[in-house]
Structure formats: C-alpha cells, structure tokens
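Chemist: Structure file entry_17.cif, mmCIF, C-alpha atoms and all ligand atoms, is pasted below:
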```
data_query
#
loop_
_atom_site.group_PDB
_atom_site.id
_atom_site.type_symbol
_atom_site.label_atom_id
_atom_site.label_comp_id
_atom_site.auth_asym_id
_atom_site.auth_seq_id
_atom_site.Cartn_x
_atom_site.Cartn_y
_atom_site.Cartn_z
ATOM 1 C CA MET C 1 7.598 15.652 41.024
ATOM 2 C CA LYS C 2 6.589 13.306 43.826
ATOM 3 C CA LYS C 3 3.798 10.836 43.159
ATOM 4 C CA THR C 4 1.624 12.259 45.905
ATOM 5 C CA LYS C 5 2.153 15.753 44.532
ATOM 6 C CA ILE C 6 1.037 14.908 41.001
ATOM 7 C CA PHE C 7 -1.934 12.954 42.292
ATOM 8 C CA GLY C 8 -2.834 15.968 44.416
ATOM 9 C CA LEU C 9 -2.393 18.196 41.386
ATOM 10 C CA VAL C 10 -4.693 15.967 39.333
ATOM 11 C CA LEU C 11 -7.327 16.182 42.053
ATOM 12 C CA LEU C 12 -6.943 19.937 42.327
ATOM 13 C CA LEU C 13 -7.089 20.519 38.581
ATOM 14 C CA SER C 14 -10.002 18.127 38.236
ATOM 15 C CA ALA C 15 -11.840 19.951 41.023
ATOM 16 C CA ILE C 16 -11.246 23.308 39.363
ATOM 17 C CA VAL C 17 -12.473 22.015 36.019
ATOM 18 C CA ILE C 18 -15.468 20.283 37.585
ATOM 19 C CA LEU C 19 -16.452 23.329 39.615
ATOM 20 C CA SER C 20 -16.230 25.498 36.524
ATOM 21 C CA GLY C 21 -18.216 23.005 34.475
ATOM 22 C CA CYS C 22 -20.772 21.323 36.759
ATOM 23 C CA THR C 23 -21.237 17.639 37.423
ATOM 24 C CA ALA C 24 -18.677 15.171 38.733
ATOM 25 C CA PRO C 25 -16.970 12.902 36.225
ATOM 26 C CA GLN C 26 -18.205 9.346 35.871
ATOM 27 C CA LYS C 27 -16.549 6.187 34.611
ATOM 28 C CA ILE C 28 -15.438 6.796 31.068
ATOM 29 C CA SER C 29 -15.374 4.329 28.227
ATOM 30 C CA ASP C 30 -14.781 6.884 25.476
ATOM 31 C CA THR C 31 -15.225 10.588 24.892
ATOM 32 C CA GLN C 32 -18.025 12.281 26.785
ATOM 33 C CA TYR C 33 -18.803 15.666 28.222
ATOM 34 C CA ASN C 34 -19.370 16.705 31.795
ATOM 35 C CA GLY C 35 -20.969 20.085 31.366
ATOM 36 C CA SER C 36 -18.604 21.876 29.016
ATOM 37 C CA ASN C 37 -15.620 19.729 29.954
ATOM 38 C CA GLN C 38 -14.630 17.022 27.550
ATOM 39 C CA VAL C 39 -13.280 13.862 29.103
ATOM 40 C CA THR C 40 -11.667 11.425 26.729
ATOM 41 C CA LYS C 41 -11.212 7.747 27.420
ATOM 42 C CA LEU C 42 -9.725 5.494 29.981
ATOM 43 C CA ASN C 43 -9.288 7.549 33.116
ATOM 44 C CA GLU C 44 -11.292 10.250 34.802
ATOM 45 C CA ILE C 45 -9.029 13.232 34.344
ATOM 46 C CA PRO C 46 -10.872 15.983 32.393
ATOM 47 C CA ASP C 47 -9.108 16.973 29.177
ATOM 48 C CA ASN C 48 -8.637 20.545 30.430
ATOM 49 C CA ALA C 49 -6.683 19.191 33.375
ATOM 50 C CA LYS C 50 -4.701 16.894 31.092
ATOM 51 C CA LYS C 51 -3.667 19.907 29.085
ATOM 52 C CA LEU C 52 -2.471 21.692 32.207
ATOM 53 C CA LEU C 53 -0.620 18.561 33.262
ATOM 54 C CA GLY C 54 0.904 18.244 29.792
ATOM 55 C CA ILE C 55 -0.414 14.721 29.242
ATOM 56 C CA ASP C 56 -2.163 13.067 26.293
ATOM 57 C CA PRO C 57 -5.988 12.994 26.404
ATOM 58 C CA MET C 58 -5.982 9.934 24.155
ATOM 59 C CA SER C 59 -3.708 7.819 26.315
ATOM 60 C CA ASN C 60 -3.700 6.604 29.901
ATOM 61 C CA ASP C 61 0.074 6.119 29.758
ATOM 62 C CA THR C 62 1.400 9.229 28.041
ATOM 63 C CA ASP C 63 5.106 8.388 28.217
ATOM 64 C CA GLY C 64 4.623 4.693 27.410
ATOM 65 C CA ASP C 65 6.599 3.471 30.411
ATOM 66 C CA GLY C 66 3.868 1.102 31.553
ATOM 67 C CA VAL C 67 2.747 3.219 34.528
ATOM 68 C CA ASP C 68 -0.732 4.767 34.249
ATOM 69 C CA ASP C 69 -0.704 8.570 34.191
ATOM 70 C CA LEU C 70 -2.632 8.743 37.478
ATOM 71 C CA ASN C 71 0.005 6.654 39.217
ATOM 72 C CA ASP C 72 3.023 7.998 37.337
ATOM 73 C CA SER C 73 5.018 10.579 39.278
ATOM 74 C CA THR C 74 6.622 11.497 35.918
ATOM 75 C CA PRO C 75 3.805 11.088 33.351
ATOM 76 C CA THR C 76 5.833 12.644 30.521
ATOM 77 C CA PHE C 77 9.146 11.031 31.376
ATOM 78 C CA ALA C 78 9.898 7.350 30.914
ATOM 79 C CA ASP C 79 12.198 6.831 33.883
ATOM 80 C CA VAL C 80 13.509 3.480 32.694
ATOM 81 C CA PRO C 81 14.660 3.693 29.070
ATOM 82 C CA PRO C 82 14.187 0.565 26.967
ATOM 83 C CA GLN C 83 17.309 -1.569 26.719
ATOM 84 C CA ALA C 84 19.130 -0.839 23.481
ATOM 85 C CA SER C 85 18.680 -3.673 21.011
ATOM 86 C CA THR C 86 21.836 -5.452 19.882
ATOM 87 C CA GLY C 87 22.988 -7.405 16.854
ATOM 88 C CA PRO C 88 24.191 -6.554 13.363
ATOM 89 C CA VAL C 89 23.280 -3.213 11.795
ATOM 90 C CA GLY C 90 20.067 -3.847 9.884
ATOM 91 C CA PHE C 91 18.922 -0.288 9.385
ATOM 92 C CA ARG C 92 20.018 3.290 9.769
ATOM 93 C CA ILE C 93 18.310 6.557 10.561
ATOM 94 C CA GLN C 94 18.939 8.343 7.295
ATOM 95 C CA ASN C 95 17.374 11.644 8.333
ATOM 96 C CA ILE C 96 15.560 13.327 11.196
ATOM 97 C CA LEU C 97 13.362 16.392 10.840
ATOM 98 C CA VAL C 98 11.506 18.733 13.151
ATOM 99 C CA GLU C 99 9.862 22.042 12.459
ATOM 100 C CA ASN C 100 12.349 24.856 12.181
ATOM 101 C CA ASN C 101 10.638 28.171 12.772
ATOM 102 C CA TYR C 102 13.720 30.321 12.858
ATOM 103 C CA ASP C 103 14.736 30.346 9.215
ATOM 104 C CA GLN C 104 11.980 28.616 7.411
ATOM 105 C CA ALA C 105 12.218 30.766 4.273
ATOM 106 C CA SER C 106 15.607 29.466 3.277
ATOM 107 C CA LYS C 107 14.779 25.857 3.980
ATOM 108 C CA GLN C 108 12.508 23.341 2.396
ATOM 109 C CA ALA C 109 9.123 22.928 3.970
ATOM 110 C CA ALA C 110 9.762 21.060 7.209
ATOM 111 C CA PRO C 111 7.221 18.943 9.031
ATOM 112 C CA ASP C 112 5.487 20.342 12.096
ATOM 113 C CA HIS C 113 6.212 17.140 13.961
ATOM 114 C CA LEU C 114 9.055 14.749 14.562
ATOM 115 C CA GLU C 115 9.824 12.747 11.444
ATOM 116 C CA LEU C 116 12.429 10.040 10.789
ATOM 117 C CA VAL C 117 13.636 8.441 7.583
ATOM 118 C CA LEU C 118 14.629 4.809 8.156
ATOM 119 C CA GLN C 119 16.782 2.951 5.692
ATOM 120 C CA SER C 120 16.998 -0.815 5.728
ATOM 121 C CA THR C 121 20.492 -2.203 5.137
ATOM 122 C CA THR C 122 19.528 -5.856 5.179
ATOM 123 C CA SER C 123 17.781 -8.311 2.908
ATOM 124 C CA LYS C 124 15.335 -9.253 5.666
ATOM 125 C CA ASP C 125 12.188 -7.486 6.806
ATOM 126 C CA ILE C 126 12.448 -5.874 10.239
ATOM 127 C CA SER C 127 9.515 -5.630 12.617
ATOM 128 C CA ASN C 128 9.121 -5.087 16.365
ATOM 129 C CA LEU C 129 10.639 -1.636 16.198
ATOM 130 C CA THR C 130 10.331 0.717 19.153
ATOM 131 C CA ALA C 131 11.121 4.412 19.237
ATOM 132 C CA TYR C 132 12.492 6.047 22.360
ATOM 133 C CA TYR C 133 12.841 9.797 22.172
ATOM 134 C CA ILE C 134 13.926 12.489 24.575
ATOM 135 C CA ILE C 135 12.978 16.160 24.224
ATOM 136 C CA SER C 136 14.924 18.671 26.311
ATOM 137 C CA ASP C 137 14.243 22.340 26.879
ATOM 138 C CA TYR C 138 17.346 23.629 28.633
ATOM 139 C CA LYS C 139 15.868 27.097 29.105
ATOM 140 C CA ILE C 140 13.140 25.926 31.450
ATOM 141 C CA ASN C 141 15.133 22.857 32.474
ATOM 142 C CA LYS C 142 12.469 20.392 31.429
ATOM 143 C CA THR C 143 12.972 17.036 29.751
ATOM 144 C CA GLU C 144 10.327 14.687 28.443
ATOM 145 C CA SER C 145 10.881 11.180 27.152
ATOM 146 C CA TYR C 146 8.586 8.742 25.433
ATOM 147 C CA ILE C 147 8.630 5.058 24.569
ATOM 148 C CA LYS C 148 6.605 4.347 21.454
ATOM 149 C CA PRO C 149 6.370 0.812 20.010
ATOM 150 C CA LEU C 150 5.888 1.101 16.238
ATOM 151 C CA LYS C 151 2.952 -1.272 16.202
ATOM 152 C CA GLY C 152 2.221 -2.819 12.812
ATOM 153 C CA PHE C 153 5.216 -1.172 11.176
ATOM 154 C CA VAL C 154 7.520 -3.351 9.079
ATOM 155 C CA LEU C 155 10.664 -2.016 7.459
ATOM 156 C CA LYS C 156 10.930 -4.192 4.398
ATOM 157 C CA ALA C 157 14.225 -5.442 2.978
ATOM 158 C CA ASN C 158 16.317 -2.648 1.462
ATOM 159 C CA GLU C 159 13.449 -0.188 1.885
ATOM 160 C CA ILE C 160 13.589 3.501 2.798
ATOM 161 C CA ARG C 161 10.558 4.553 4.801
ATOM 162 C CA THR C 162 9.512 7.682 6.689
ATOM 163 C CA ILE C 163 7.769 7.538 10.045
ATOM 164 C CA HIS C 164 5.969 10.411 11.745
ATOM 165 C CA PHE C 165 5.072 11.244 15.325
ATOM 166 C CA ASP C 166 1.882 13.303 15.313
ATOM 167 C CA ALA C 167 -1.832 12.576 15.645
ATOM 168 C CA GLY C 168 -1.005 9.047 14.538
ATOM 169 C CA GLN C 169 -4.023 8.604 12.318
ATOM 170 C CA LYS C 170 -2.420 7.482 9.070
ATOM 171 C CA PRO C 171 -0.168 4.571 8.115
ATOM 172 C CA ASP C 172 3.406 5.116 9.348
ATOM 173 C CA HIS C 173 2.164 7.887 11.685
ATOM 174 C CA PHE C 174 2.389 7.281 15.414
ATOM 175 C CA ARG C 175 0.715 9.090 18.262
ATOM 176 C CA ALA C 176 2.644 11.938 19.941
ATOM 177 C CA ASN C 177 1.492 13.758 23.071
ATOM 178 C CA PRO C 178 -0.308 16.935 21.829
ATOM 179 C CA ASN C 179 0.373 18.621 25.192
ATOM 180 C CA SER C 180 4.106 17.941 25.017
ATOM 181 C CA ILE C 181 6.685 20.734 25.281
ATOM 182 C CA TYR C 182 7.126 20.171 21.550
ATOM 183 C CA TYR C 183 3.855 22.052 21.131
ATOM 184 C CA THR C 184 3.749 24.265 24.215
ATOM 185 C CA THR C 185 7.140 25.971 24.326
ATOM 186 C CA LYS C 186 8.852 28.411 21.989
ATOM 187 C CA ASP C 187 12.285 27.565 23.329
ATOM 188 C CA GLU C 188 15.026 25.722 21.514
ATOM 189 C CA LEU C 189 14.458 21.993 21.888
ATOM 190 C CA ASN C 190 16.995 19.197 21.681
ATOM 191 C CA PHE C 191 15.896 15.765 20.518
ATOM 192 C CA THR C 192 17.634 12.434 20.949
ATOM 193 C CA VAL C 193 15.911 9.555 19.202
ATOM 194 C CA THR C 194 16.772 5.866 19.454
ATOM 195 C CA ILE C 195 15.155 3.185 17.341
ATOM 196 C CA ASN C 196 15.379 -0.340 18.695
ATOM 197 C CA ALA C 197 14.570 -3.484 16.723
ATOM 198 C CA ASP C 198 14.821 -7.035 18.045
ATOM 199 C CA GLY C 199 17.972 -8.701 16.725
ATOM 200 C CA TYR C 200 19.515 -5.534 15.298
ATOM 201 C CA ALA C 201 21.767 -2.808 16.623
ATOM 202 C CA ALA C 202 19.871 0.166 18.028
ATOM 203 C CA GLN C 203 20.348 3.389 16.090
ATOM 204 C CA THR C 204 20.458 6.816 17.699
ATOM 205 C CA THR C 205 20.421 10.321 16.296
ATOM 206 C CA GLN C 206 19.955 13.875 17.493
ATOM 207 C CA VAL C 207 18.419 17.054 16.151
ATOM 208 C CA LYS C 208 17.808 20.548 17.398
ATOM 209 C CA LYS C 209 14.611 22.541 16.937
ATOM 210 C CA ASP C 210 15.359 26.242 16.836
ATOM 211 C CA ALA C 211 13.553 28.688 19.078
ATOM 212 C CA GLY C 212 10.422 30.055 17.463
ATOM 213 C CA GLY C 213 6.663 29.709 17.616
ATOM 214 C CA ALA C 214 5.078 26.806 19.430
ATOM 215 C CA GLU C 215 3.489 24.325 17.063
ATOM 216 C CA SER C 216 -0.083 23.252 16.683
ATOM 217 C CA PRO C 217 -0.595 19.531 16.932
ATOM 218 C CA ASP C 218 -1.633 17.914 13.648
HETATM 219 CA CA CA B 301 3.548 6.449 32.286
HETATM 220 CA CA CA B 302 6.926 8.079 33.815
#
```
Please render this file's structure as structure tokens.
Modeler:
Amino acid sequence: MKKTKIFGLVLLLSAIVILSGCTAPQKISDTQYNGSNQVTKLNEIPDNAKKLLGIDPMSNDTDGDGVDDLNDSTPTFADVPPQASTGPVGFRIQNILVENNYDQASKQAAPDHLELVLQSTTSKDISNLTAYYIISDYKINKTESYIKPLKGFVLKANEIRTIHFDAGQKPDHFRANPNSIYYTTKDELNFTVTINADGYAAQTTQVKKDAGGAESPD
C-alpha cells in the first residue's frame, strides 16, 4: 500500500471513529478515552482504527522496522530484514510451536501464540538476541513480518529456554501485535522465524499453523 494511501486510510478511519464517538483526539501520553473510543499511547490513532488497520495499539512501530506506523506504508511488514548474524553456532532453535486448531485432540496442549525453545550450545552467555519472523497467509495473499529485539533476555551457557510472543507481560514473553493475521484469520498460516545474536550464526526455522479458528490474543 502506498504511503499516502495508508495515511489517508488512517485519517478516514480516525474520522469515522471520531464522528461515532464525539470529540477530536488530543495529544496522548498514555491511555485515554475520547468519548467511547480508547486511544492508547504515543500517536493519535484511535484503537478502533488501529484494529481495522491491523496495527498494535501499544506500539507506535508495530513491525519494529524503525518507521513510525503513521509514516510506514507497510506498518505490519518490515521491508528491510535485519542482517543475519554470523559466527560460530552458539545456539539452536530446538522447537517451534503455534496453536493448532485442526487436530487439537490428538496433540498435546499447544500455545495460542508463537513459542520458541532455544538451546544454548556454548559455554558462554548470549545476549543481544533479535527475533525476525514472517507470517504468510497464502489464501488472502498477505504477509506480515516483525523485528523484535529480545530486550533483557540472556540465554545462559548450556541453557534451554522458551520464549513467547504474546502480550509480553511476563519474563521471557515478548509483545506480539494483537491485531496481526495470527489472530484475525482462520486460514492456514506459514511462519518463518530467524533468531539473530551478535557474534553467533543466525538460526532459522519454519512452522505451519493449520486452518481453524482465529485466536484470541493473550
Ligand atoms: Ca514500522
Ligand atoms: Ca514497515
């Protein structure tokens, strides 16, 4: 989508929400309400409009590519992927899980979010990890991609640790866009996840989420 188009769409959606709710939005420092319309943080896009746009109400840069949502012609697609880290293998992605709605009964309880199990293969602690993940829905021909630095996360020597992408409110849990196609479509979704860490070889894995019910964000 062209930049001017998405900006126009933001204005249009904001106008619709404002007209249906009353007063014009003001500068926001945190969550507040304009009539019945919640506006959360950082920019002036009402949350209802953010939902329609598929962006995160708790972020002003949903895809993490460094371009503010208002100025990002692709707010849920990081156009420039992070450069893959290089060096010796210091960790591996031991497992990747997403909710599987199709045949849940025969499987163990799966998470309702993206989850990775990281296994250190070195005697040194690893920090400065960044996740880069791509979600593709081939049925509606839509792809989203996100860059997510794992701030504060340290994979200790020879440790196996699980990280989660959800509401991001617990240790080892990182914020995921609640208006992503992960939560809004019932189609099959294909995930490609790369974990970069300074000084170590990037690790990539893939997983498929079967068609089924759309999830509820945690
Ligand atoms: Ca962005
Ligand atoms: Ca973008």
Chemist: To test your reading of the syntax: which residues would the PyMOL selection byres (((not hetatm)) within 7 of (chain B and resi 302)) return for the file shown? Reply as a PyMOL selection string.
Modeler: chain C and resi 63+65+67+72-79
Chemist: Report as number ranges by chain the full result of the PyMOL selection byres (((chain C and resi 163-167) around 7) and not hetatm) when it is applied to this structure.
Modeler: C: 113-117, 161-162, 168-169, 172-176, 217-218
Chemist: Using the chain letters and numbering of this document, enumerate as an MDAnalysis selection string the residues selected by the PyMOL selection byres (((chain C and resi 155) around 10) and not hetatm).
Modeler: chainID C and resid 90:91 118:120 122 124:129 153:154 156:162
Chemist: Using only C-alpha atoms and all ligand atoms for the distances, tell me which of C:Pro171, C:Pro178, C:Gly64, C:Pro46 is nearest to ligand CA 301 (chain B).
Modeler: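 Among C:Pro171, C:Pro178, C:Gly64, C:Pro46, it is C:Gly64 that comes nearest to ligand CA 301 (chain B).
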Chemist: I'd like the neighbourhood of Gly199 in chain C as a list in words, where a residue qualifies if any of its atoms comes within 8 Å (using only C-alpha atoms), though same-chain residues fewer than 6 positions away should be ignored.
Modeler: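 These residues fall inside the cut-off: Ser85, Thr86, Gly87 and Pro88 of chain C.
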Chemist: If you count only C-alpha atoms, which residues fall within 6 Å of Ala202 in chain C, apart from same-chain ones fewer than 6 positions away, as a PDB file with C-alpha atoms, in the frame of the given file?
Modeler:
```
ATOM      1  CA  ALA C  84      19.130  -0.839  23.481  1.00  0.00           C
ATOM      2  CA  SER C  85      18.680  -3.673  21.011  1.00  0.00           C
ATOM      3  CA  ILE C 195      15.155   3.185  17.341  1.00  0.00           C
ATOM      4  CA  ASN C 196      15.379  -0.340  18.695  1.00  0.00           C
TER       5      ASN C 196
END
```
